[in-house]
file upload.csv (CSV, C-alpha atoms)
chain,number,residue,atom,x,y,z
E,86,MET,CA,0.0,0.0,0.0
E,87,LEU,CA,2.7,2.5,-1.0
E,88,ILE,CA,0.6,4.5,-3.5
E,89,LYS,CA,-2.4,6.2,-1.9
E,90,ASN,CA,-5.5,7.6,-3.6
E,91,ARG,CA,-5.2,5.4,-6.7
E,92,PRO,CA,-8.3,5.6,-8.9
E,93,LEU,CA,-10.8,2.8,-8.0
E,94,SER,CA,-12.6,0.7,-10.5
E,95,PRO,CA,-15.5,0.6,-11.5
E,96,HIS,CA,-16.3,4.2,-10.9
E,97,LEU,CA,-19.7,3.6,-9.2
E,98,GLN,CA,-20.8,7.2,-9.5
E,99,VAL,CA,-20.9,7.2,-13.3
E,100,TYR,CA,-23.0,4.0,-13.5
E,101,ARG,CA,-26.7,4.2,-14.3
E,102,PRO,CA,-28.4,2.4,-11.4
E,103,GLN,CA,-29.8,-1.0,-12.5
E,104,LEU,CA,-32.3,-3.1,-10.6
E,105,THR,CA,-29.7,-5.8,-10.0
E,106,SER,CA,-27.1,-3.4,-8.5
E,107,VAL,CA,-29.6,-1.5,-6.5
E,108,LEU,CA,-31.1,-4.6,-5.0
E,109,SER,CA,-27.6,-5.9,-4.2
E,110,ILE,CA,-26.5,-2.7,-2.5
E,111,THR,CA,-29.8,-2.7,-0.5
E,112,HIS,CA,-29.1,-6.2,0.6
E,113,ARG,CA,-25.8,-5.1,2.2
E,114,GLY,CA,-27.5,-2.0,3.5
E,115,THR,CA,-30.3,-3.8,5.2
E,116,GLY,CA,-27.8,-6.4,6.5
E,117,MET,CA,-25.8,-3.7,8.2
E,118,PHE,CA,-28.9,-2.0,9.6
E,119,LEU,CA,-30.1,-5.4,11.0
E,120,ALA,CA,-26.6,-6.2,12.4
E,121,PHE,CA,-26.4,-2.8,14.2
E,122,SER,CA,-29.9,-3.0,15.5
E,123,SER,CA,-29.4,-6.5,16.9
E,124,PRO,CA,-28.5,-5.2,20.4
E,125,VAL,CA,-32.1,-4.1,20.6
E,126,LEU,CA,-33.0,-7.9,20.8
E,127,VAL,CA,-30.8,-8.2,23.9
E,128,TYR,CA,-32.4,-5.1,25.4
E,129,TRP,CA,-35.9,-6.7,24.8
E,130,LEU,CA,-34.8,-9.9,26.5
E,131,TRP,CA,-33.2,-8.0,29.3
E,132,ALA,CA,-36.4,-6.0,29.9
E,133,ILE,CA,-38.3,-9.3,30.2
E,134,ALA,CA,-35.8,-10.8,32.6
E,135,ALA,CA,-35.7,-7.6,34.7
E,136,GLY,CA,-39.4,-7.8,35.6
E,137,ALA,CA,-42.8,-6.4,34.9
E,138,ASP,CA,-41.9,-2.7,35.5
E,139,THR,CA,-38.9,-2.7,33.2
E,140,TYR,CA,-40.9,-4.6,30.6
E,141,ALA,CA,-43.7,-2.0,30.8
E,142,SER,CA,-41.2,0.8,30.1
E,143,ALA,CA,-39.7,-1.2,27.2
E,144,GLN,CA,-43.3,-1.7,25.8
E,145,ALA,CA,-43.9,2.1,26.1
E,146,LEU,CA,-40.6,2.8,24.3
E,147,PHE,CA,-41.4,0.3,21.4
E,148,GLY,CA,-44.9,1.7,21.2
E,149,SER,CA,-43.9,5.3,20.8
E,150,SER,CA,-44.6,6.6,17.3
E,151,PHE,CA,-41.0,7.4,16.5
E,152,VAL,CA,-39.7,4.0,17.5
E,153,ARG,CA,-42.6,2.4,15.7
E,154,VAL,CA,-41.5,4.0,12.4
E,155,ILE,CA,-38.0,2.6,13.0
E,156,LEU,CA,-39.5,-0.8,13.8
E,157,PHE,CA,-41.4,-0.6,10.6
E,158,PHE,CA,-38.2,-0.1,8.6
E,159,TRP,CA,-36.5,-2.8,10.7
E,160,SER,CA,-39.3,-5.3,9.8
E,161,TYR,CA,-39.1,-4.4,6.1
E,162,SER,CA,-35.2,-4.7,6.3
E,163,LEU,CA,-35.5,-8.1,7.8
E,164,PHE,CA,-38.0,-9.4,5.3
E,165,TYR,CA,-36.0,-7.8,2.4
E,166,HIS,CA,-32.8,-9.4,3.6
E,167,LEU,CA,-34.6,-12.7,4.2
E,168,CYS,CA,-36.2,-12.9,0.8
E,169,ASN,CA,-33.2,-11.6,-1.1
E,170,GLY,CA,-31.1,-14.1,0.9
E,171,ILE,CA,-33.2,-16.9,-0.5
E,172,ARG,CA,-32.4,-15.5,-4.0
E,173,HIS,CA,-28.7,-15.7,-3.0
E,174,LEU,CA,-29.1,-19.3,-1.9
E,175,THR,CA,-30.7,-20.3,-5.2
E,176,TRP,CA,-27.8,-18.6,-7.0
E,177,ASP,CA,-25.4,-20.7,-4.9
E,178,MET,CA,-27.2,-23.7,-6.4
E,179,GLY,CA,-26.7,-22.2,-9.9
E,180,ILE,CA,-30.5,-21.4,-10.3
E,181,GLY,CA,-31.9,-18.2,-11.8
E,182,LEU,CA,-28.7,-16.5,-12.9
E,183,ASP,CA,-29.8,-15.3,-16.3
E,184,ILE,CA,-30.8,-11.6,-16.6
E,185,ALA,CA,-34.5,-12.2,-17.3
E,186,THR,CA,-34.9,-14.4,-14.2
E,187,LEU,CA,-32.8,-12.0,-12.1
E,188,TYR,CA,-35.2,-9.2,-12.9
E,189,LYS,CA,-38.3,-11.3,-12.4
E,190,SER,CA,-37.1,-12.7,-9.0
E,191,GLY,CA,-35.9,-9.2,-8.0
E,192,TRP,CA,-39.4,-7.7,-8.5
E,193,TRP,CA,-41.1,-10.7,-6.8
E,194,MET,CA,-38.7,-10.4,-3.9
E,195,VAL,CA,-39.5,-6.7,-3.4
E,196,ALA,CA,-43.3,-7.5,-3.6
E,197,ILE,CA,-43.1,-10.5,-1.2
E,198,SER,CA,-41.0,-8.7,1.4
E,199,PHE,CA,-43.4,-5.8,1.3
E,200,ALA,CA,-46.4,-8.2,1.7
E,201,LEU,CA,-44.8,-9.9,4.6
E,202,THR,CA,-44.1,-6.6,6.3
E,203,VAL,CA,-47.8,-5.5,5.8
E,204,ALA,CA,-48.9,-8.9,7.2
E,205,THR,CA,-46.8,-8.6,10.3
E,206,TRP,CA,-48.1,-5.1,11.1
E,207,VAL,CA,-51.7,-6.2,10.4
E,208,ILE,CA,-51.2,-9.0,12.9
E,209,GLY,CA,-49.6,-6.5,15.3
E,210,TYR,CA,-52.5,-4.1,15.2
E,211,VAL,CA,-55.2,-6.8,15.3
E,212,THR,CA,-53.7,-8.4,18.4
E,213,ARG,CA,-53.5,-5.0,20.0
E,214,GLY,CA,-57.2,-4.7,19.3
E,215,GLY,CA,-56.8,-1.7,16.9
E,216,SER,CA,-56.2,0.6,19.9
E,217,GLY,CA,-53.3,2.3,18.2
K,150,MET,CA,7.5,-34.4,8.8
K,151,SER,CA,4.1,-34.4,7.0
K,152,LEU,CA,3.5,-36.8,4.2
K,153,ARG,CA,1.0,-34.5,2.6
K,154,THR,CA,1.9,-32.9,-0.6
K,155,PRO,CA,2.1,-29.0,-0.8
K,156,LEU,CA,-0.9,-29.1,-3.2
K,157,GLY,CA,-2.9,-31.3,-0.9
K,158,ARG,CA,-2.4,-28.9,2.0
K,159,ALA,CA,-3.4,-25.9,-0.1
K,160,VAL,CA,-6.5,-27.2,-1.9
K,161,GLY,CA,-9.6,-25.6,-0.6
K,162,LEU,CA,-7.8,-23.3,1.9
K,163,GLY,CA,-7.1,-20.1,0.0
K,164,SER,CA,-5.0,-17.2,1.2
K,165,ALA,CA,-6.9,-16.8,4.5
K,166,LYS,CA,-6.2,-20.5,5.4
K,167,GLU,CA,-9.8,-21.0,6.4
K,168,GLY,CA,-11.0,-22.6,3.2
K,169,VAL,CA,-14.8,-22.1,2.6
K,170,SER,CA,-15.6,-22.0,6.3
K,171,HIS,CA,-16.7,-18.3,6.3
K,172,TRP,CA,-18.8,-18.9,3.2
K,173,TRP,CA,-20.2,-22.1,4.5
K,174,TRP,CA,-21.3,-20.9,7.9
K,175,GLN,CA,-22.9,-17.8,6.4
K,176,ARG,CA,-25.1,-20.3,4.4
K,177,VAL,CA,-25.7,-22.5,7.4
K,178,THR,CA,-26.9,-19.6,9.5
K,179,SER,CA,-28.9,-18.1,6.7
K,180,VAL,CA,-30.8,-21.4,6.1
K,181,ALA,CA,-31.4,-21.6,9.8
K,182,LEU,CA,-32.6,-18.0,9.9
K,183,ILE,CA,-35.3,-18.5,7.3
K,184,PRO,CA,-37.8,-20.3,9.5
K,185,LEU,CA,-36.4,-18.8,12.8
K,186,SER,CA,-36.7,-15.2,11.8
K,187,LEU,CA,-40.1,-15.7,10.2
K,188,TRP,CA,-41.2,-17.4,13.5
K,189,PHE,CA,-39.7,-14.7,15.6
K,190,VAL,CA,-41.1,-11.7,13.8
K,191,PHE,CA,-44.6,-13.1,13.6
K,192,SER,CA,-44.4,-14.2,17.3
K,193,LEU,CA,-43.4,-10.6,18.2
K,194,ALA,CA,-46.3,-9.3,16.2
K,195,SER,CA,-48.8,-11.5,18.1
K,196,LEU,CA,-47.3,-10.5,21.4
K,197,VAL,CA,-47.8,-6.8,20.8
K,198,GLY,CA,-50.6,-6.3,23.2
K,199,ALA,CA,-49.8,-9.1,25.6
K,200,ASP,CA,-49.2,-8.5,29.3
K,201,TYR,CA,-46.0,-9.3,31.1
K,202,GLN,CA,-47.0,-12.7,32.4
K,203,THR,CA,-48.1,-13.9,28.9
K,204,VAL,CA,-44.6,-13.1,27.6
K,205,VAL,CA,-42.9,-14.8,30.5
K,206,ASP,CA,-45.1,-17.9,30.1
K,207,TRP,CA,-44.3,-17.9,26.4
K,208,ILE,CA,-40.6,-18.0,27.0
K,209,ARG,CA,-41.0,-20.6,29.8
K,210,SER,CA,-42.0,-23.2,27.3
K,211,PRO,CA,-38.9,-25.3,26.6
K,212,ILE,CA,-39.6,-25.3,22.8
K,213,ILE,CA,-39.9,-21.5,22.7
K,214,ALA,CA,-36.8,-21.0,24.9
K,215,ALA,CA,-34.8,-23.4,22.7
K,216,LEU,CA,-36.0,-21.7,19.5
K,217,LEU,CA,-35.2,-18.3,20.9
K,218,ILE,CA,-31.6,-19.4,21.8
K,219,MET,CA,-31.2,-20.9,18.3
K,220,PHE,CA,-32.5,-17.6,16.8
K,221,VAL,CA,-30.1,-15.5,19.0
K,222,ILE,CA,-27.0,-17.6,18.2
K,223,SER,CA,-27.8,-17.8,14.4
K,224,THR,CA,-28.6,-14.0,14.3
K,225,PHE,CA,-25.3,-12.9,16.0
K,226,TYR,CA,-23.2,-15.4,14.1
K,227,HIS,CA,-24.7,-14.4,10.8
K,228,ALA,CA,-24.3,-10.7,11.7
K,229,GLN,CA,-20.7,-11.2,12.6
K,230,LEU,CA,-19.9,-13.0,9.3
K,231,GLY,CA,-21.7,-10.3,7.3
K,232,VAL,CA,-20.2,-7.3,9.0
K,233,GLN,CA,-16.7,-9.0,8.8
K,234,VAL,CA,-17.0,-8.9,5.0
K,235,VAL,CA,-18.0,-5.3,5.0
K,236,ILE,CA,-15.0,-4.5,7.2
K,237,GLU,CA,-12.7,-6.3,4.8
K,238,ASP,CA,-14.2,-4.6,1.8
K,239,TYR,CA,-14.1,-1.0,3.0
K,240,ILE,CA,-11.4,-0.7,5.7
K,241,HIS,CA,-7.9,-0.7,4.0
K,242,THR,CA,-5.8,0.5,7.0
K,243,GLU,CA,-4.4,-2.8,8.3
K,244,TRP,CA,-4.4,-2.0,12.0
K,245,LEU,CA,-7.9,-0.5,11.9
K,246,LYS,CA,-9.2,-3.5,9.9
K,247,MET,CA,-7.7,-5.9,12.5
K,248,ALA,CA,-9.0,-3.8,15.4
K,249,SER,CA,-12.5,-3.7,13.9
K,250,SER,CA,-12.6,-7.4,13.2
K,251,LEU,CA,-11.5,-8.2,16.8
K,252,ALA,CA,-14.0,-5.8,18.3
K,253,LEU,CA,-16.7,-7.3,16.1
K,254,SER,CA,-15.9,-10.8,17.2
K,255,PHE,CA,-15.8,-9.8,20.9
K,256,ILE,CA,-19.0,-7.8,20.8
K,257,THR,CA,-21.0,-10.4,18.9
K,258,ALA,CA,-19.8,-13.2,21.2
K,259,PHE,CA,-20.6,-11.1,24.3
K,260,LEU,CA,-24.1,-10.2,23.0
K,261,THR,CA,-24.8,-13.8,22.1
K,262,LEU,CA,-23.9,-15.0,25.6
K,263,VAL,CA,-25.8,-12.2,27.4
K,264,ALA,CA,-28.9,-13.0,25.2
K,265,VAL,CA,-28.7,-16.8,25.9
K,266,VAL,CA,-28.3,-16.1,29.7
K,267,LEU,CA,-31.3,-13.8,29.6
K,268,VAL,CA,-33.5,-16.4,27.8
K,269,LEU,CA,-32.4,-19.1,30.3
K,270,ARG,CA,-33.0,-16.8,33.3
K,271,VAL,CA,-36.6,-16.2,32.2
K,272,ALA,CA,-37.1,-19.8,31.1
K,273,LEU,CA,-35.7,-21.3,34.3
K,274,GLY,CA,-36.6,-18.4,36.8
K,275,GLY,CA,-38.8,-19.2,39.7
call {"tool": "encode", "arguments": {"input": "upload.csv", "output": "structure tokens"}}
result
Amino acid sequence: MLIKNRPLSPHLQVYRPQLTSVLSITHRGTGMFLAFSSPVLVYWLWAIAAGADTYASAQALFGSSFVRVILFFWSYSLFYHLCNGIRHLTWDMGIGLDIATLYKSGWWMVAISFALTVATWVIGYVTRGGSG
Amino acid sequence: MSLRTPLGRAVGLGSAKEGVSHWWWQRVTSVALIPLSLWFVFSLASLVGADYQTVVDWIRSPIIAALLIMFVISTFYHAQLGVQVVIEDYIHTEWLKMASSLALSFITAFLTLVAVVLVLRVALGG
């Protein structure tokens, strides 16, 4: 590493975004977001272990509208990463690597991950009895 | 003196001397996380309005506690393997790359253990 600031290939900023590249970058982005939000899982378990009062304050925090918006993006990120991960597993088996199938599975993946997110939140609001 | 040929020792190991282990465990954890994360998120959604005792009783079931522990271990292991690649891709200063990788390993190991202990505490607590 003697020469610093050498030009890097492939000059991402001059590329026209394509579905394949955008979905791939989003896969990494959602993965990083999920990884960095994973301590929240430990906080949730800690709140349960700590007792009813701590759990109630955690419930209040997760129920606040700001955190709820973050949780919505968290759930979409999770379903996105899950569905696109399944695409990756099929590619590992050599399936669906031609451009036409890549575009088809890409759009399906976006639609299914969105549907799973909506289903999750419908269940959430129904169990809460629609009380907001 | 080893009787293995130089080629025999090198095949499948690559420059990092770990072979396909990183790649393989990323796949193992991702396959495990397909059912586990679907189960976890939909369980969370159905626990939204539940009171404290319902949540505790849920975790006290041995099956649920075991699934939660599997989910926690797979999640943090998968996160560690994924962030590791991002570190290797974007951090080119050698000492910083090494320090980040070590920090990542320690933090994910610690979070895994804390989470497992917490699940066990609720599951086994009196």
call {"tool": "closest_atom_pairs", "arguments": {"input": "upload.csv", "of": "chain K", "to": "chain E", "cutoff": "7 Å", "atoms": "all atoms listed in the file", "output": "JSON lines"}}
result
{"residue": "K:Ile183", "atom": "CA", "partner": "E:Leu167", "partner_atom": "CA", "distance": 6.6}
{"residue": "K:Phe191", "atom": "CA", "partner": "E:Thr205", "partner_atom": "CA", "distance": 6.0}
{"residue": "K:Ala194", "atom": "CA", "partner": "E:Gly209", "partner_atom": "CA", "distance": 4.4}
{"residue": "K:Ser195", "atom": "CA", "partner": "E:Gly209", "partner_atom": "CA", "distance": 5.8}
{"residue": "K:Val197", "atom": "CA", "partner": "E:Gly209", "partner_atom": "CA", "distance": 5.8}
{"residue": "K:Gly198", "atom": "CA", "partner": "E:Arg213", "partner_atom": "CA", "distance": 4.5}
{"residue": "K:Tyr201", "atom": "CA", "partner": "E:Ala137", "partner_atom": "CA", "distance": 5.8}
{"residue": "K:Ala228", "atom": "CA", "partner": "E:Ala120", "partner_atom": "CA", "distance": 5.1}
{"residue": "K:Val232", "atom": "CA", "partner": "E:Met117", "partner_atom": "CA", "distance": 6.7}
{"residue": "K:Ala264", "atom": "CA", "partner": "E:Val127", "partner_atom": "CA", "distance": 5.3}
{"residue": "K:Leu267", "atom": "CA", "partner": "E:Leu130", "partner_atom": "CA", "distance": 6.1}
{"residue": "K:Val268", "atom": "CA", "partner": "E:Leu130", "partner_atom": "CA", "distance": 6.8}
{"residue": "K:Arg270", "atom": "CA", "partner": "E:Ala134", "partner_atom": "CA", "distance": 6.7}
{"residue": "K:Val271", "atom": "CA", "partner": "E:Ala134", "partner_atom": "CA", "distance": 5.5}
call {"tool": "residues_around", "arguments": {"input": "upload.csv", "residues": "Ala181 in chain K", "least_positions_apart": "6", "cutoff": "9 Å", "atoms": "only C-alpha atoms", "output": "compact mmCIF listing (two decimals) with C-alpha atoms, in the coordinates of the input"}}
result
# COMPACT_ATOMS: atom_id res chain seq x y z
CA MET K 219 -31.20 -20.90 18.30
CA PHE K 220 -32.50 -17.60 16.80
CA SER K 223 -27.80 -17.80 14.40
call {"tool": "atom_distance", "arguments": {"input": "upload.csv", "atom1": "CA of Val190 in chain K", "atom2": "CA of Val235 in chain K"}}
result
25.5 Å
call {"tool": "atom_distance", "arguments": {"input": "upload.csv", "atom1": "CA of Ile218 in chain K", "atom2": "CA of Leu185 in chain K"}}
result
10.2 Å
call {"tool": "residues_near_point", "arguments": {"input": "upload.csv", "point": "(-34.0, -2.3, -1.8)", "cutoff": "12 Å", "atoms": "all atoms listed in the file", "output": "PyMOL selection string"}}
result
chain E and resi 103-116+158+161-166+168-169+191-192+194-196+198-199
call {"tool": "atom_distance", "arguments": {"input": "upload.csv", "atom1": "CA of Ala258 in chain K", "atom2": "CA of Ser186 in chain K"}}
result
19.4 Å
call {"tool": "decode", "arguments": {"input": "upload.csv", "residues": "range 101-212 of chain E", "atoms": "C-alpha atoms", "output": "PDB file, in the first residue's frame"}}
result
ATOM      1  CA  ARG E 101     -26.656   4.197 -14.277  1.00  0.00           C
ATOM      2  CA  PRO E 102     -28.434   2.366 -11.424  1.00  0.00           C
ATOM      3  CA  GLN E 103     -29.842  -1.005 -12.469  1.00  0.00           C
ATOM      4  CA  LEU E 104     -32.339  -3.142 -10.577  1.00  0.00           C
ATOM      5  CA  THR E 105     -29.689  -5.802 -10.003  1.00  0.00           C
ATOM      6  CA  SER E 106     -27.106  -3.417  -8.534  1.00  0.00           C
ATOM      7  CA  VAL E 107     -29.645  -1.450  -6.474  1.00  0.00           C
ATOM      8  CA  LEU E 108     -31.087  -4.638  -4.951  1.00  0.00           C
ATOM      9  CA  SER E 109     -27.589  -5.939  -4.234  1.00  0.00           C
ATOM     10  CA  ILE E 110     -26.505  -2.713  -2.509  1.00  0.00           C
ATOM     11  CA  THR E 111     -29.767  -2.662  -0.539  1.00  0.00           C
ATOM     12  CA  HIS E 112     -29.078  -6.236   0.585  1.00  0.00           C
ATOM     13  CA  ARG E 113     -25.825  -5.114   2.166  1.00  0.00           C
ATOM     14  CA  GLY E 114     -27.456  -1.955   3.534  1.00  0.00           C
ATOM     15  CA  THR E 115     -30.313  -3.847   5.188  1.00  0.00           C
ATOM     16  CA  GLY E 116     -27.822  -6.402   6.506  1.00  0.00           C
ATOM     17  CA  MET E 117     -25.769  -3.687   8.177  1.00  0.00           C
ATOM     18  CA  PHE E 118     -28.892  -2.034   9.575  1.00  0.00           C
ATOM     19  CA  LEU E 119     -30.082  -5.381  10.983  1.00  0.00           C
ATOM     20  CA  ALA E 120     -26.650  -6.155  12.445  1.00  0.00           C
ATOM     21  CA  PHE E 121     -26.389  -2.777  14.151  1.00  0.00           C
ATOM     22  CA  SER E 122     -29.950  -2.980  15.496  1.00  0.00           C
ATOM     23  CA  SER E 123     -29.410  -6.509  16.884  1.00  0.00           C
ATOM     24  CA  PRO E 124     -28.471  -5.190  20.389  1.00  0.00           C
ATOM     25  CA  VAL E 125     -32.138  -4.144  20.647  1.00  0.00           C
ATOM     26  CA  LEU E 126     -32.959  -7.854  20.764  1.00  0.00           C
ATOM     27  CA  VAL E 127     -30.754  -8.152  23.866  1.00  0.00           C
ATOM     28  CA  TYR E 128     -32.432  -5.074  25.367  1.00  0.00           C
ATOM     29  CA  TRP E 129     -35.858  -6.682  24.818  1.00  0.00           C
ATOM     30  CA  LEU E 130     -34.751  -9.935  26.502  1.00  0.00           C
ATOM     31  CA  TRP E 131     -33.163  -7.960  29.333  1.00  0.00           C
ATOM     32  CA  ALA E 132     -36.405  -6.031  29.874  1.00  0.00           C
ATOM     33  CA  ILE E 133     -38.336  -9.316  30.167  1.00  0.00           C
ATOM     34  CA  ALA E 134     -35.775 -10.801  32.573  1.00  0.00           C
ATOM     35  CA  ALA E 135     -35.703  -7.623  34.683  1.00  0.00           C
ATOM     36  CA  GLY E 136     -39.384  -7.782  35.605  1.00  0.00           C
ATOM     37  CA  ALA E 137     -42.823  -6.376  34.895  1.00  0.00           C
ATOM     38  CA  ASP E 138     -41.943  -2.692  35.475  1.00  0.00           C
ATOM     39  CA  THR E 139     -38.910  -2.708  33.164  1.00  0.00           C
ATOM     40  CA  TYR E 140     -40.902  -4.625  30.571  1.00  0.00           C
ATOM     41  CA  ALA E 141     -43.679  -2.029  30.766  1.00  0.00           C
ATOM     42  CA  SER E 142     -41.221   0.797  30.082  1.00  0.00           C
ATOM     43  CA  ALA E 143     -39.747  -1.181  27.168  1.00  0.00           C
ATOM     44  CA  GLN E 144     -43.295  -1.693  25.832  1.00  0.00           C
ATOM     45  CA  ALA E 145     -43.892   2.056  26.102  1.00  0.00           C
ATOM     46  CA  LEU E 146     -40.638   2.762  24.264  1.00  0.00           C
ATOM     47  CA  PHE E 147     -41.400   0.288  21.443  1.00  0.00           C
ATOM     48  CA  GLY E 148     -44.939   1.659  21.232  1.00  0.00           C
ATOM     49  CA  SER E 149     -43.925   5.306  20.807  1.00  0.00           C
ATOM     50  CA  SER E 150     -44.612   6.587  17.309  1.00  0.00           C
ATOM     51  CA  PHE E 151     -40.965   7.439  16.521  1.00  0.00           C
ATOM     52  CA  VAL E 152     -39.676   3.995  17.528  1.00  0.00           C
ATOM     53  CA  ARG E 153     -42.630   2.400  15.745  1.00  0.00           C
ATOM     54  CA  VAL E 154     -41.515   4.000  12.449  1.00  0.00           C
ATOM     55  CA  ILE E 155     -37.992   2.617  13.026  1.00  0.00           C
ATOM     56  CA  LEU E 156     -39.510  -0.788  13.818  1.00  0.00           C
ATOM     57  CA  PHE E 157     -41.447  -0.647  10.557  1.00  0.00           C
ATOM     58  CA  PHE E 158     -38.217  -0.103   8.605  1.00  0.00           C
ATOM     59  CA  TRP E 159     -36.545  -2.780  10.730  1.00  0.00           C
ATOM     60  CA  SER E 160     -39.256  -5.303   9.823  1.00  0.00           C
ATOM     61  CA  TYR E 161     -39.059  -4.397   6.132  1.00  0.00           C
ATOM     62  CA  SER E 162     -35.240  -4.677   6.252  1.00  0.00           C
ATOM     63  CA  LEU E 163     -35.532  -8.093   7.842  1.00  0.00           C
ATOM     64  CA  PHE E 164     -38.018  -9.424   5.277  1.00  0.00           C
ATOM     65  CA  TYR E 165     -36.032  -7.838   2.433  1.00  0.00           C
ATOM     66  CA  HIS E 166     -32.778  -9.422   3.617  1.00  0.00           C
ATOM     67  CA  LEU E 167     -34.595 -12.720   4.201  1.00  0.00           C
ATOM     68  CA  CYS E 168     -36.229 -12.867   0.752  1.00  0.00           C
ATOM     69  CA  ASN E 169     -33.168 -11.627  -1.106  1.00  0.00           C
ATOM     70  CA  GLY E 170     -31.091 -14.080   0.946  1.00  0.00           C
ATOM     71  CA  ILE E 171     -33.223 -16.878  -0.474  1.00  0.00           C
ATOM     72  CA  ARG E 172     -32.380 -15.540  -3.969  1.00  0.00           C
ATOM     73  CA  HIS E 173     -28.706 -15.722  -3.006  1.00  0.00           C
ATOM     74  CA  LEU E 174     -29.138 -19.340  -1.872  1.00  0.00           C
ATOM     75  CA  THR E 175     -30.746 -20.259  -5.205  1.00  0.00           C
ATOM     76  CA  TRP E 176     -27.832 -18.577  -7.046  1.00  0.00           C
ATOM     77  CA  ASP E 177     -25.444 -20.685  -4.931  1.00  0.00           C
ATOM     78  CA  MET E 178     -27.196 -23.703  -6.445  1.00  0.00           C
ATOM     79  CA  GLY E 179     -26.745 -22.222  -9.918  1.00  0.00           C
ATOM     80  CA  ILE E 180     -30.452 -21.449 -10.345  1.00  0.00           C
ATOM     81  CA  GLY E 181     -31.897 -18.241 -11.799  1.00  0.00           C
ATOM     82  CA  LEU E 182     -28.687 -16.511 -12.850  1.00  0.00           C
ATOM     83  CA  ASP E 183     -29.820 -15.305 -16.298  1.00  0.00           C
ATOM     84  CA  ILE E 184     -30.775 -11.618 -16.620  1.00  0.00           C
ATOM     85  CA  ALA E 185     -34.476 -12.201 -17.301  1.00  0.00           C
ATOM     86  CA  THR E 186     -34.916 -14.432 -14.234  1.00  0.00           C
ATOM     87  CA  LEU E 187     -32.830 -12.032 -12.119  1.00  0.00           C
ATOM     88  CA  TYR E 188     -35.196  -9.172 -12.912  1.00  0.00           C
ATOM     89  CA  LYS E 189     -38.291 -11.328 -12.380  1.00  0.00           C
ATOM     90  CA  SER E 190     -37.108 -12.736  -9.032  1.00  0.00           C
ATOM     91  CA  GLY E 191     -35.943  -9.247  -8.031  1.00  0.00           C
ATOM     92  CA  TRP E 192     -39.368  -7.673  -8.469  1.00  0.00           C
ATOM     93  CA  TRP E 193     -41.066 -10.669  -6.839  1.00  0.00           C
ATOM     94  CA  MET E 194     -38.686 -10.409  -3.890  1.00  0.00           C
ATOM     95  CA  VAL E 195     -39.529  -6.718  -3.392  1.00  0.00           C
ATOM     96  CA  ALA E 196     -43.264  -7.480  -3.567  1.00  0.00           C
ATOM     97  CA  ILE E 197     -43.142 -10.493  -1.218  1.00  0.00           C
ATOM     98  CA  SER E 198     -40.982  -8.738   1.379  1.00  0.00           C
ATOM     99  CA  PHE E 199     -43.412  -5.804   1.333  1.00  0.00           C
ATOM    100  CA  ALA E 200     -46.406  -8.180   1.677  1.00  0.00           C
ATOM    101  CA  LEU E 201     -44.770  -9.948   4.650  1.00  0.00           C
ATOM    102  CA  THR E 202     -44.123  -6.567   6.293  1.00  0.00           C
ATOM    103  CA  VAL E 203     -47.761  -5.531   5.849  1.00  0.00           C
ATOM    104  CA  ALA E 204     -48.950  -8.933   7.152  1.00  0.00           C
ATOM    105  CA  THR E 205     -46.769  -8.554  10.266  1.00  0.00           C
ATOM    106  CA  TRP E 206     -48.131  -5.108  11.058  1.00  0.00           C
ATOM    107  CA  VAL E 207     -51.722  -6.159  10.409  1.00  0.00           C
ATOM    108  CA  ILE E 208     -51.240  -8.994  12.922  1.00  0.00           C
ATOM    109  CA  GLY E 209     -49.627  -6.533  15.342  1.00  0.00           C
ATOM    110  CA  TYR E 210     -52.521  -4.097  15.161  1.00  0.00           C
ATOM    111  CA  VAL E 211     -55.157  -6.839  15.277  1.00  0.00           C
ATOM    112  CA  THR E 212     -53.669  -8.423  18.438  1.00  0.00           C
TER     113      THR E 212
END
